[in-house]
file target-v6.cif (mmCIF, C-alpha atoms)
data_my_file
loop_
_atom_site.label_atom_id
_atom_site.label_comp_id
_atom_site.auth_asym_id
_atom_site.auth_seq_id
_atom_site.Cartn_x
_atom_site.Cartn_y
_atom_site.Cartn_z
CA MET A 1344 0.00 0.00 0.00
CA GLN A 1345 1.35 3.10 -1.10
CA TRP A 1346 0.67 6.29 0.62
CA ASN A 1347 0.11 9.06 -1.63
CA THR A 1348 -0.48 12.64 -0.79
CA GLU A 1349 -4.22 12.45 -1.06
CA THR A 1350 -4.46 9.55 1.33
CA LEU A 1351 -2.17 11.18 3.77
CA LEU A 1352 -4.18 14.35 3.54
CA ILE A 1353 -7.43 12.46 4.17
CA VAL A 1354 -5.90 10.65 7.19
CA PHE A 1355 -4.53 13.90 8.50
CA VAL A 1356 -7.91 15.66 8.10
CA ALA A 1357 -9.63 12.70 9.82
CA PHE A 1358 -7.25 12.88 12.80
CA THR A 1359 -7.72 16.64 12.99
CA GLY A 1360 -11.49 16.28 12.81
CA PHE A 1361 -11.35 13.61 15.52
CA ALA A 1362 -9.17 15.91 17.71
CA VAL A 1363 -11.54 18.83 17.15
CA PHE A 1364 -14.47 16.57 18.02
CA MET A 1365 -12.73 15.45 21.23
CA GLN A 1366 -11.92 19.04 22.11
CA ALA A 1367 -15.57 19.98 21.53
CA CYS A 1368 -16.65 17.12 23.83
CA VAL A 1369 -14.23 18.24 26.54
CA LEU A 1370 -15.44 21.83 26.21
CA LEU A 1371 -19.05 20.64 26.34
CA GLY A 1372 -18.22 18.68 29.55
CA ILE A 1373 -16.57 21.75 31.03
CA LEU A 1374 -19.64 23.84 30.12
CA ILE A 1375 -22.01 21.35 31.75
CA SER A 1376 -19.93 21.12 34.93
CA MET A 1377 -19.61 24.92 35.10
CA ARG A 1378 -23.39 25.30 34.79
CA ARG A 1379 -23.88 22.78 37.60
CA ALA A 1380 -21.29 24.57 39.74
CA ALA A 1381 -22.96 27.91 39.03
CA LYS A 1382 -26.36 26.50 40.02
CA SER A 1383 -24.86 25.01 43.16
CA ALA A 1384 -23.14 28.30 43.98
CA LEU A 1385 -26.40 30.11 43.35
CA VAL A 1386 -28.22 27.77 45.75
CA VAL A 1387 -25.53 28.22 48.40
CA THR A 1388 -25.60 31.97 47.86
CA GLU A 1389 -29.38 32.05 48.21
CA ASP A 1390 -29.18 29.98 51.42
CA PHE A 1391 -26.45 32.25 52.72
CA ARG A 1392 -28.46 35.31 51.79
CA ALA A 1393 -31.59 33.83 53.40
CA THR A 1394 -29.78 33.35 56.73
CA VAL A 1395 -27.37 36.29 56.77
CA VAL A 1396 -29.59 39.09 55.48
CA PRO A 1397 -32.17 38.73 58.31
CA LEU A 1398 -29.30 38.56 60.80
CA ILE A 1399 -27.80 41.74 59.37
CA GLN A 1400 -31.18 43.46 59.39
CA SER A 1401 -31.91 42.46 62.98
CA THR A 1402 -28.42 43.60 63.99
CA ARG A 1403 -28.98 46.91 62.24
CA GLU A 1404 -32.36 47.33 63.99
CA LEU A 1405 -30.79 46.45 67.34
CA ILE A 1406 -28.04 49.00 66.79
CA GLU A 1407 -30.56 51.65 65.71
CA ARG A 1408 -32.73 50.96 68.77
CA SER A 1409 -29.88 50.82 71.26
CA THR A 1410 -27.83 53.75 69.93
CA PRO A 1411 -29.89 56.40 71.79
CA GLN A 1412 -29.70 54.32 74.96
CA PHE A 1413 -25.94 54.00 74.60
CA LEU A 1414 -25.63 57.72 74.00
CA THR A 1415 -27.78 58.44 77.06
CA ALA A 1416 -25.79 55.98 79.18
CA THR A 1417 -22.46 57.45 78.07
CA SER A 1418 -23.64 61.02 78.71
CA ASN A 1419 -24.94 59.96 82.15
CA LEU A 1420 -21.65 58.24 82.85
CA LEU A 1421 -19.79 61.38 81.78
CA GLU A 1422 -21.94 63.50 84.09
CA LEU A 1423 -21.40 61.01 86.91
CA THR A 1424 -17.63 61.09 86.47
CA ASP A 1425 -17.67 64.89 86.36
CA GLY A 1426 -19.73 64.94 89.57
CA ILE A 1427 -17.43 62.47 91.26
CA ARG A 1428 -14.42 64.49 90.15
CA SER A 1429 -15.87 67.73 91.55
CA GLU A 1430 -16.95 66.02 94.79
CA THR A 1431 -13.47 64.54 95.16
CA ALA A 1432 -11.93 67.97 94.70
CA GLU A 1433 -14.34 69.41 97.29
CA LEU A 1434 -13.52 66.55 99.67
CA ARG A 1435 -9.81 67.21 99.22
CA ARG A 1436 -10.31 70.90 100.00
CA ASN A 1437 -12.37 70.05 103.08
CA LEU A 1438 -9.80 67.54 104.29
CA ALA A 1439 -7.02 70.07 103.79
CA ASP A 1440 -9.05 72.63 105.77
CA ILE A 1441 -9.73 70.11 108.56
CA LEU A 1442 -6.07 69.12 108.71
CA ASP A 1443 -5.07 72.78 108.86
CA ARG A 1444 -7.52 73.39 111.72
CA VAL A 1445 -6.30 70.28 113.54
CA HIS A 1446 -2.72 71.50 113.15
CA ARG A 1447 -3.61 74.94 114.50
CA GLN A 1448 -5.50 73.43 117.44
CA THR A 1449 -2.58 71.08 118.13
CA VAL A 1450 -0.18 74.02 118.20
CA ARG A 1451 -2.60 75.93 120.44
CA LEU A 1452 -3.06 72.93 122.76
CA ASP A 1453 0.71 72.44 122.89
CA GLY A 1454 1.11 76.08 123.89
CA MET A 1455 -1.61 75.75 126.53
CA LEU A 1456 -0.06 72.59 127.98
CA ALA A 1457 3.41 74.11 127.98
CA SER A 1458 2.06 77.24 129.70
CA GLY A 1459 0.12 75.12 132.22
CA LEU A 1460 3.11 72.95 132.99
CA ASP A 1461 5.30 76.05 133.35
CA SER A 1462 2.71 77.48 135.76
CA VAL A 1463 2.64 74.23 137.73
CA GLN A 1464 6.45 74.22 137.91
CA HIS A 1465 6.49 77.85 139.02
CA ALA A 1466 3.78 77.12 141.62
CA ALA A 1467 5.80 74.15 142.87
CA GLU A 1468 8.87 76.37 143.18
CA VAL A 1469 6.86 79.03 145.03
CA VAL A 1470 5.33 76.42 147.36
CA GLU A 1471 8.72 74.86 147.91
CA SER A 1472 10.32 78.19 148.76
CA ALA A 1473 7.32 79.23 150.91
CA VAL A 1474 7.19 75.94 152.83
CA LEU A 1475 10.83 74.91 152.97
CA ARG A 1476 12.25 78.29 153.90
CA PRO A 1477 10.35 78.52 157.19
CA VAL A 1478 11.00 74.80 157.79
CA ARG A 1479 14.71 75.37 157.30
CA ILE A 1480 14.63 78.35 159.64
CA VAL A 1481 12.73 76.34 162.25
CA ASN A 1482 15.14 73.46 161.72
CA ARG A 1483 18.11 75.78 162.32
CA VAL A 1484 16.48 77.20 165.44
CA VAL A 1485 15.80 73.67 166.75
CA ARG A 1486 19.38 72.57 166.05
CA THR A 1487 20.72 75.67 167.71
CA ALA A 1488 18.49 75.09 170.72
CA ASN A 1489 19.57 71.45 170.84
CA ALA A 1490 23.20 72.45 170.68
CA MET A 1491 22.72 74.97 173.46
CA LEU A 1492 20.90 72.49 175.67
CA ASP A 1493 23.57 69.90 175.02
CA ALA A 1494 26.19 72.46 175.96
CA TYR A 1495 24.42 73.29 179.24
CA ARG A 1496 23.78 69.67 180.10
CA SER A 1497 27.22 68.42 179.60
CA PRO A 1498 29.54 68.66 182.62
CA ARG A 1499 31.73 71.64 182.64
CA ARG A 1500 35.35 71.32 182.32
CA SER A 1501 37.26 72.54 185.17
CA ASP A 1502 40.01 74.92 184.54
CA LYS A 1503 43.16 73.76 186.11
#
call {"tool": "encode", "arguments": {"input": "target-v6.cif", "output": "structure tokens"}}
result
Amino acid sequence: MQWNTETLLIVFVAFTGFAVFMQACVLLGILISMRRAAKSALVVTEDFRATVVPLIQSTRELIERSTPQFLTATSNLLELTDGIRSETAELRRNLADILDRVHRQTVRLDGMLASGLDSVQHAAEVVESAVLRPVRIVNRVVRTANAMLDAYRSPRRSDK
């Protein structure tokens, strides 16, 4: 069998036609699978949309309803902190005033006690000098009298 150009051309065209046919089949298979994937993706997307969209809407409604309450709560909290801050400052001023008064009273009481103790010491010195001075004088008089009596009682020495 001799292969001439026409036969080779026919065989070549047949192989090319067969390859084109196979390529068309593969492309048709790809098209069918892509359509199925698109339908499946569409179903999943619809399910996702059916569950997520109501959740998003309810979240949005919740945020819209609660936003004024949050704003009110934050403004109330701000007012409360401002009040606490001012009360704390007032309390600090009052405590400083009280401590200053206590310090002044302590200094005054210290002065009073020192003055009182000085007066007591002076009074003790006055009493001591008023009582002991006459006692000392009396004591001297008694000793002198004792000495004189002892001198008169004792036998006299005779002068030789």
call {"tool": "atom_distance", "arguments": {"input": "target-v6.cif", "atom1": "CA of Arg1486 in chain A", "atom2": "CA of Ser1472 in chain A"}}
result
20.3 Å
call {"tool": "atom_distance", "arguments": {"input": "target-v6.cif", "atom1": "CA of Cys1368 in chain A", "atom2": "CA of Val1354 in chain A"}}
result
20.8 Å
call {"tool": "atom_distance", "arguments": {"input": "target-v6.cif", "atom1": "CA of Val1445 in chain A", "atom2": "CA of Ala1457 in chain A"}}
result
17.8 Å
